[in-house]
file coords_11.cif (mmCIF, C-alpha atoms)
data_protein
loop_
_atom_site.label_atom_id
_atom_site.label_comp_id
_atom_site.auth_asym_id
_atom_site.auth_seq_id
_atom_site.Cartn_x
_atom_site.Cartn_y
_atom_site.Cartn_z
CA MET M 1 167.80 236.47 104.19
CA ILE M 2 167.66 232.68 103.96
CA LYS M 3 168.35 232.44 107.71
CA LEU M 4 165.42 234.76 108.40
CA ILE M 5 163.07 232.69 106.24
CA GLY M 6 164.31 229.52 107.95
CA ALA M 7 163.75 231.08 111.37
CA ILE M 8 160.21 232.10 110.43
CA ILE M 9 159.45 228.59 109.15
CA ILE M 10 160.78 227.06 112.39
CA ILE M 11 158.70 229.43 114.57
CA VAL M 12 155.55 228.80 112.52
CA ALA M 13 156.04 225.02 112.57
CA THR M 14 156.73 224.74 116.30
CA THR M 15 153.94 227.18 117.22
CA TRP M 16 151.51 225.25 115.02
CA THR M 17 152.62 222.01 116.68
CA GLY M 18 152.02 223.55 120.11
CA PHE M 19 148.53 224.71 119.10
CA GLU M 20 147.68 221.28 117.67
CA ALA M 21 148.83 219.59 120.86
CA ALA M 22 146.76 222.07 122.91
CA ARG M 23 143.69 221.38 120.78
CA ASN M 24 143.24 218.01 122.52
CA PHE M 25 142.97 219.83 125.83
CA SER M 26 140.12 221.98 124.54
CA GLU M 27 138.41 219.24 122.49
CA ARG M 28 138.15 216.73 125.31
CA PRO M 29 135.73 218.73 127.53
CA LYS M 30 133.61 219.61 124.47
CA GLN M 31 133.36 215.99 123.40
CA LEU M 32 132.57 214.85 126.94
CA ARG M 33 129.79 217.44 127.15
CA ALA M 34 128.42 216.24 123.81
CA LEU M 35 128.64 212.62 124.95
CA ARG M 36 126.75 213.38 128.15
CA SER M 37 124.13 215.23 126.15
CA ALA M 38 123.83 212.26 123.79
CA LEU M 39 123.30 209.87 126.68
CA GLN M 40 120.64 212.16 128.13
CA SER M 41 118.91 212.17 124.75
CA LEU M 42 119.21 208.38 124.61
CA GLU M 43 117.62 208.19 128.05
CA ALA M 44 114.70 210.34 126.85
CA GLU M 45 114.29 208.18 123.73
CA ILE M 46 114.24 204.99 125.81
CA MET M 47 112.12 206.23 128.71
CA TYR M 48 109.54 208.45 127.07
CA SER M 49 109.45 207.75 123.34
CA HIS M 50 109.96 203.97 123.60
CA THR M 51 112.13 204.25 120.49
CA PRO M 52 114.00 201.11 119.37
CA LEU M 53 117.72 201.34 120.06
CA HIS M 54 118.82 201.37 116.41
CA GLU M 55 116.41 204.24 115.65
CA ALA M 56 117.51 206.19 118.73
CA ALA M 57 121.15 205.78 117.65
CA ARG M 58 120.34 207.09 114.16
CA ARG M 59 118.52 210.10 115.62
CA LEU M 60 121.49 210.86 117.85
CA ALA M 61 123.87 210.58 114.90
CA VAL M 62 121.91 213.32 113.14
CA GLN M 63 121.96 215.60 116.20
CA LEU M 64 125.64 215.27 117.08
CA SER M 65 128.80 216.51 115.41
CA LYS M 66 131.71 214.30 114.37
CA PRO M 67 133.31 212.11 115.68
CA LEU M 68 130.45 211.19 118.06
CA SER M 69 127.90 211.22 115.23
CA THR M 70 130.04 208.65 113.42
CA PHE M 71 129.94 206.43 116.51
CA PHE M 72 126.14 206.48 116.85
CA GLU M 73 125.70 206.07 113.09
CA ALA M 74 127.96 202.99 113.07
CA PHE M 75 126.20 201.61 116.14
CA GLY M 76 122.75 202.00 114.55
CA LYS M 77 123.96 200.42 111.30
CA LYS M 78 125.48 197.44 113.09
CA LEU M 79 122.25 196.82 114.96
CA THR M 80 120.16 196.75 111.77
CA ASP M 81 122.57 195.36 109.17
CA THR M 82 124.37 192.58 111.05
CA GLU M 83 123.49 189.70 113.29
CA THR M 84 125.12 190.94 116.47
CA THR M 85 124.35 191.65 120.08
CA VAL M 86 123.92 195.18 121.37
CA LYS M 87 127.08 194.78 123.45
CA GLU M 88 129.18 193.68 120.44
CA ALA M 89 127.77 196.42 118.20
CA TRP M 90 128.45 199.05 120.88
CA GLU M 91 132.00 197.87 121.56
CA THR M 92 132.92 197.50 117.88
CA SER M 93 131.57 200.96 117.10
CA LEU M 94 133.48 202.41 120.05
CA LYS M 95 136.74 200.86 118.90
CA GLU M 96 136.27 202.09 115.33
CA VAL M 97 135.69 205.71 116.30
CA TRP M 98 137.66 206.11 119.53
CA LYS M 99 141.01 207.02 117.95
CA LYS M 100 139.35 209.96 116.18
CA THR M 101 138.23 211.48 119.48
CA ALA M 102 140.14 213.51 122.04
CA LEU M 103 138.81 211.22 124.76
CA LYS M 104 141.02 209.10 126.98
CA GLN M 105 141.09 205.46 128.07
CA GLY M 106 139.06 206.16 131.22
CA GLU M 107 136.14 207.41 129.15
CA PHE M 108 136.50 204.42 126.84
CA GLU M 109 136.16 202.05 129.80
CA ILE M 110 133.11 203.94 131.11
CA MET M 111 131.41 203.78 127.71
CA LYS M 112 132.38 200.13 127.20
CA GLN M 113 130.93 199.24 130.59
CA PHE M 114 127.74 201.14 129.73
CA GLY M 115 127.49 199.19 126.45
CA GLU M 116 127.53 195.94 128.41
CA THR M 117 124.31 196.93 130.17
CA LEU M 118 122.59 198.55 127.19
CA GLY M 119 119.45 196.75 126.08
CA ARG M 120 119.68 194.07 128.78
CA HIS M 121 117.39 195.55 131.39
CA ASP M 122 113.94 197.07 131.71
CA ARG M 123 113.55 200.80 131.09
CA PHE M 124 113.95 201.84 134.71
CA SER M 125 117.09 199.79 135.30
CA GLN M 126 118.43 201.13 132.02
CA GLN M 127 117.74 204.66 133.26
CA LYS M 128 119.77 203.94 136.40
CA HIS M 129 122.69 202.69 134.28
CA ILE M 130 122.50 205.83 132.14
CA MET M 131 122.50 208.03 135.26
CA LEU M 132 125.52 206.15 136.63
CA THR M 133 127.37 206.57 133.34
CA LEU M 134 126.46 210.26 133.26
CA SER M 135 127.87 210.77 136.74
CA HIS M 136 131.13 209.03 135.73
CA LEU M 137 131.36 211.17 132.60
CA GLU M 138 130.65 214.29 134.65
CA ARG M 139 133.62 213.45 136.87
CA GLU M 140 135.79 212.91 133.79
CA GLU M 141 134.60 216.22 132.33
CA ALA M 142 135.59 218.06 135.53
CA ASP M 143 139.03 216.44 135.25
CA ALA M 144 139.26 217.44 131.58
CA ILE M 145 138.36 221.06 132.37
CA ASP M 146 140.95 221.09 135.14
CA ARG M 147 143.62 219.71 132.80
CA GLN M 148 142.64 222.20 130.11
CA ALA M 149 143.06 225.10 132.56
CA LYS M 150 146.44 223.77 133.72
CA TYR M 151 148.07 222.67 130.49
CA GLU M 152 146.51 224.25 127.39
CA LYS M 153 148.29 227.59 127.63
CA MET M 154 151.52 225.93 128.69
CA VAL M 155 151.57 223.63 125.65
CA LYS M 156 150.90 226.54 123.28
CA SER M 157 153.72 228.55 124.85
CA LEU M 158 156.00 225.54 124.83
CA GLY M 159 155.54 225.18 121.08
CA PHE M 160 156.53 228.79 120.45
CA LEU M 161 159.39 228.78 122.96
CA SER M 162 160.83 225.54 121.62
CA GLY M 163 160.96 227.21 118.21
CA LEU M 164 162.86 230.14 119.70
CA LEU M 165 165.27 227.77 121.41
CA LEU M 166 165.82 225.89 118.17
CA ILE M 167 166.54 229.15 116.33
CA ILE M 168 169.01 230.25 119.01
CA LEU M 169 170.79 226.90 118.86
CA LEU M 170 170.95 226.85 115.08
CA PHE M 171 171.99 230.42 114.44
#
call {"tool": "encode", "arguments": {"input": "coords_11.cif", "output": "structure tokens"}}
result
Amino acid sequence: MIKLIGAIIIIVATTWTGFEAARNFSERPKQLRALRSALQSLEAEIMYSHTPLHEAARRLAVQLSKPLSTFFEAFGKKLTDTETTVKEAWETSLKEVWKKTALKQGEFEIMKQFGETLGRHDRFSQQKHIMLTLSHLEREEADAIDRQAKYEKMVKSLGFLSGLLLIILLF
């Protein structure tokens, strides 16, 4: 009886671990889509509404879900509450929130590079930088979807099968 309970606990734990590991594969494309949408909204705010950057960031924070909302909220706060440049506020906010996302280093570099150009150019140059960033993120999203299709199911199965292997080895 105790062996059976132990076996069930092992299967549940390893399966749960597999599903948690697979969650990153499904979260990454969602977060990239949300990030692209946020940048498109930022473009609209800059180009058509002429909204100040700190206000645009606050509006985006309200529209988005966590962890991206946390990023834009922190960015907007840093712009209004501290004496800092747009680049520094962007980079600091990115670093604070990045570990909470499912996004990878490549996306971090793209966003960091975008932050270096943010607020430095006229509206039309800024629009070009946003479009460039969007195209880079689109490429990353295609890669994320490809990885999700390849690995998500495998990681889930691996969690369950490793539990079975562990049970066989132990009992």
call {"tool": "atom_distance", "arguments": {"input": "coords_11.cif", "atom1": "atom CA of M:Arg36", "atom2": "atom CA of M:Glu138"}}
result
7.6 Å
call {"tool": "resolve_selection", "arguments": {"input": "coords_11.cif", "expression": "the PyMOL selection byres ((chain M and resi 80) around 12)", "output": "PyMOL selection string"}}
result
chain M and resi 52-55+57-58+73-79+81-86+89
call {"tool": "resolve_selection", "arguments": {"input": "coords_11.cif", "expression": "the PyMOL selection byres ((chain M and resi 99-110) around 12)", "output": "VMD selection string"}}
result
chain M and resid 20 to 36 65 to 71 90 to 98 111 to 117 129 to 130 132 to 141 143 to 144
call {"tool": "atom_distance", "arguments": {"input": "coords_11.cif", "atom1": "atom CA of M:Glu43", "atom2": "atom CA of M:Ala142"}}
result
21.8 Å
call {"tool": "residues_near_point", "arguments": {"input": "coords_11.cif", "point": "(114.4, 206.9, 133.9)", "cutoff": "8 Å", "atoms": "only C-alpha atoms", "output": "VMD selection string"}}
result
chain M and resid 43 to 44 47 123 to 128
call {"tool": "axis_aligned_box", "arguments": {"input": "coords_11.cif", "around": "stretch 74-82 of chain M", "padding_each_side": "3 Å", "output": "lines of an AutoDock Vina configuration file"}}
result
center_x = 124.1
center_y = 197.8
center_z = 112.7
size_x = 13.8
size_y = 16.4
size_z = 13.0
call {"tool": "atom_distance", "arguments": {"input": "coords_11.cif", "atom1": "atom CA of M:Ile167", "atom2": "atom CA of M:Ile11"}}
result
8.0 Å
call {"tool": "resolve_selection", "arguments": {"input": "coords_11.cif", "expression": "the PyMOL selection byres ((chain M and resi 171) around 12)", "output": "list of chain:residue names"}}
result
M:Ile2, M:Lys3, M:Leu4, M:Gly6, M:Ala7, M:Ile10, M:Leu164, M:Leu165, M:Leu166, M:Ile167, M:Ile168, M:Leu169, M:Leu170
call {"tool": "closest_residue", "arguments": {"input": "coords_11.cif", "among": "M:Thr14, M:Gln40, M:Phe160, M:Leu60", "to": "M:Met131", "atoms": "all atoms listed in the file"}}
result
M:Gln40
call {"tool": "residues_around", "arguments": {"input": "coords_11.cif", "residues": "M:Leu158", "least_positions_apart": "2", "cutoff": "10 Å", "atoms": "only C-alpha atoms", "output": "list of chain:residue names"}}
result
M:Thr14, M:Thr15, M:Thr17, M:Gly18, M:Phe19, M:Glu152, M:Lys153, M:Met154, M:Val155, M:Lys156, M:Phe160, M:Leu161, M:Ser162, M:Gly163, M:Leu164
call {"tool": "decode", "arguments": {"input": "coords_11.cif", "residues": "stretch 148-161 of chain M", "atoms": "all heavy atoms", "output": "mmCIF file, in the first residue's frame"}}
result
data_model
loop_
_atom_site.group_PDB
_atom_site.id
_atom_site.type_symbol
_atom_site.label_atom_id
_atom_site.label_comp_id
_atom_site.auth_asym_id
_atom_site.auth_seq_id
_atom_site.Cartn_x
_atom_site.Cartn_y
_atom_site.Cartn_z
ATOM 1 N N GLN M 148 7.822 25.387 -29.814
ATOM 2 C CA GLN M 148 6.670 24.881 -29.071
ATOM 3 C C GLN M 148 6.134 23.621 -29.737
ATOM 4 O O GLN M 148 5.869 22.623 -29.066
ATOM 5 C CB GLN M 148 5.577 25.945 -28.997
ATOM 6 C CG GLN M 148 4.338 25.473 -28.248
ATOM 7 C CD GLN M 148 3.213 26.493 -28.281
ATOM 8 O OE1 GLN M 148 3.270 27.495 -28.993
ATOM 9 N NE2 GLN M 148 2.188 26.247 -27.504
ATOM 10 N N ALA M 149 5.997 23.648 -31.057
ATOM 11 C CA ALA M 149 5.481 22.488 -31.786
ATOM 12 C C ALA M 149 6.414 21.283 -31.645
ATOM 13 O O ALA M 149 5.954 20.150 -31.525
ATOM 14 C CB ALA M 149 5.298 22.840 -33.262
ATOM 15 N N LYS M 150 7.720 21.550 -31.631
ATOM 16 C CA LYS M 150 8.692 20.456 -31.554
ATOM 17 C C LYS M 150 8.804 19.863 -30.150
ATOM 18 O O LYS M 150 8.891 18.648 -29.982
ATOM 19 C CB LYS M 150 10.078 20.955 -31.965
ATOM 20 C CG LYS M 150 10.307 21.053 -33.429
ATOM 21 C CD LYS M 150 11.755 21.477 -33.676
ATOM 22 C CE LYS M 150 12.015 21.690 -35.138
ATOM 23 N NZ LYS M 150 13.364 22.198 -35.380
ATOM 24 N N TYR M 151 8.854 20.721 -29.141
ATOM 25 C CA TYR M 151 9.304 20.267 -27.831
ATOM 26 C C TYR M 151 8.247 20.209 -26.729
ATOM 27 O O TYR M 151 8.449 19.524 -25.734
ATOM 28 C CB TYR M 151 10.459 21.146 -27.344
ATOM 29 C CG TYR M 151 11.648 21.115 -28.262
ATOM 30 C CD1 TYR M 151 12.104 22.266 -28.880
ATOM 31 C CD2 TYR M 151 12.314 19.934 -28.529
ATOM 32 C CE1 TYR M 151 13.195 22.250 -29.733
ATOM 33 C CE2 TYR M 151 13.406 19.903 -29.379
ATOM 34 C CZ TYR M 151 13.842 21.056 -29.977
ATOM 35 O OH TYR M 151 14.914 21.033 -30.825
ATOM 36 N N GLU M 152 7.141 20.910 -26.856
ATOM 37 C CA GLU M 152 6.189 20.974 -25.749
ATOM 38 C C GLU M 152 5.647 19.597 -25.383
ATOM 39 O O GLU M 152 5.674 19.200 -24.215
ATOM 40 C CB GLU M 152 5.039 21.927 -26.095
ATOM 41 C CG GLU M 152 4.071 22.112 -24.938
ATOM 42 C CD GLU M 152 2.940 23.064 -25.287
ATOM 43 O OE1 GLU M 152 2.601 23.205 -26.478
ATOM 44 O OE2 GLU M 152 2.389 23.656 -24.349
ATOM 45 N N LYS M 153 5.175 18.865 -26.361
ATOM 46 C CA LYS M 153 4.621 17.536 -26.083
ATOM 47 C C LYS M 153 5.692 16.588 -25.558
ATOM 48 O O LYS M 153 5.446 15.775 -24.663
ATOM 49 C CB LYS M 153 4.021 16.973 -27.377
ATOM 50 C CG LYS M 153 2.679 16.341 -27.191
ATOM 51 C CD LYS M 153 2.197 15.771 -28.512
ATOM 52 C CE LYS M 153 0.845 16.304 -28.831
ATOM 53 N NZ LYS M 153 0.274 15.692 -30.022
ATOM 54 N N MET M 154 6.887 16.700 -26.137
ATOM 55 C CA MET M 154 7.983 15.834 -25.727
ATOM 56 C C MET M 154 8.332 16.044 -24.253
ATOM 57 O O MET M 154 8.539 15.088 -23.509
ATOM 58 C CB MET M 154 9.213 16.096 -26.588
ATOM 59 C CG MET M 154 10.398 15.231 -26.207
ATOM 60 S SD MET M 154 11.931 15.746 -26.944
ATOM 61 C CE MET M 154 12.246 17.287 -26.134
ATOM 62 N N VAL M 155 8.383 17.295 -23.815
ATOM 63 C CA VAL M 155 8.752 17.583 -22.431
ATOM 64 C C VAL M 155 7.674 17.070 -21.466
ATOM 65 O O VAL M 155 7.994 16.519 -20.413
ATOM 66 C CB VAL M 155 9.008 19.100 -22.246
ATOM 67 C CG1 VAL M 155 9.179 19.457 -20.792
ATOM 68 C CG2 VAL M 155 10.229 19.522 -23.023
ATOM 69 N N LYS M 156 6.409 17.225 -21.857
ATOM 70 C CA LYS M 156 5.325 16.692 -21.021
ATOM 71 C C LYS M 156 5.439 15.177 -20.889
ATOM 72 O O LYS M 156 5.348 14.624 -19.793
ATOM 73 C CB LYS M 156 3.962 17.054 -21.617
ATOM 74 C CG LYS M 156 3.588 18.503 -21.475
ATOM 75 C CD LYS M 156 2.242 18.772 -22.144
ATOM 76 C CE LYS M 156 1.843 20.223 -22.030
ATOM 77 N NZ LYS M 156 0.582 20.508 -22.729
ATOM 78 N N SER M 157 5.662 14.516 -22.009
ATOM 79 C CA SER M 157 5.796 13.054 -22.002
ATOM 80 C C SER M 157 7.024 12.619 -21.226
ATOM 81 O O SER M 157 6.995 11.616 -20.504
ATOM 82 C CB SER M 157 5.883 12.521 -23.430
ATOM 83 O OG SER M 157 4.738 12.860 -24.153
ATOM 84 N N LEU M 158 8.096 13.374 -21.375
ATOM 85 C CA LEU M 158 9.330 13.052 -20.673
ATOM 86 C C LEU M 158 9.134 13.098 -19.158
ATOM 87 O O LEU M 158 9.678 12.260 -18.432
ATOM 88 C CB LEU M 158 10.423 14.036 -21.103
ATOM 89 C CG LEU M 158 11.854 13.562 -21.005
ATOM 90 C CD1 LEU M 158 12.069 12.329 -21.844
ATOM 91 C CD2 LEU M 158 12.781 14.672 -21.450
ATOM 92 N N GLY M 159 8.359 14.063 -18.686
ATOM 93 C CA GLY M 159 8.077 14.138 -17.255
ATOM 94 C C GLY M 159 7.372 12.887 -16.759
ATOM 95 O O GLY M 159 7.769 12.273 -15.758
ATOM 96 N N PHE M 160 6.337 12.476 -17.474
ATOM 97 C CA PHE M 160 5.578 11.285 -17.084
ATOM 98 C C PHE M 160 6.441 10.034 -17.191
ATOM 99 O O PHE M 160 6.489 9.218 -16.273
ATOM 100 C CB PHE M 160 4.326 11.145 -17.966
ATOM 101 C CG PHE M 160 3.545 9.900 -17.705
ATOM 102 C CD1 PHE M 160 2.764 9.792 -16.562
ATOM 103 C CD2 PHE M 160 3.597 8.832 -18.583
ATOM 104 C CE1 PHE M 160 2.047 8.640 -16.302
ATOM 105 C CE2 PHE M 160 2.888 7.675 -18.332
ATOM 106 C CZ PHE M 160 2.109 7.579 -17.197
ATOM 107 N N LEU M 161 7.163 9.896 -18.303
ATOM 108 C CA LEU M 161 7.968 8.693 -18.530
ATOM 109 C C LEU M 161 9.149 8.594 -17.567
ATOM 110 O O LEU M 161 9.538 7.497 -17.167
ATOM 111 C CB LEU M 161 8.446 8.644 -19.978
ATOM 112 C CG LEU M 161 7.332 8.430 -21.007
ATOM 113 C CD1 LEU M 161 7.889 8.552 -22.413
ATOM 114 C CD2 LEU M 161 6.633 7.098 -20.807
#
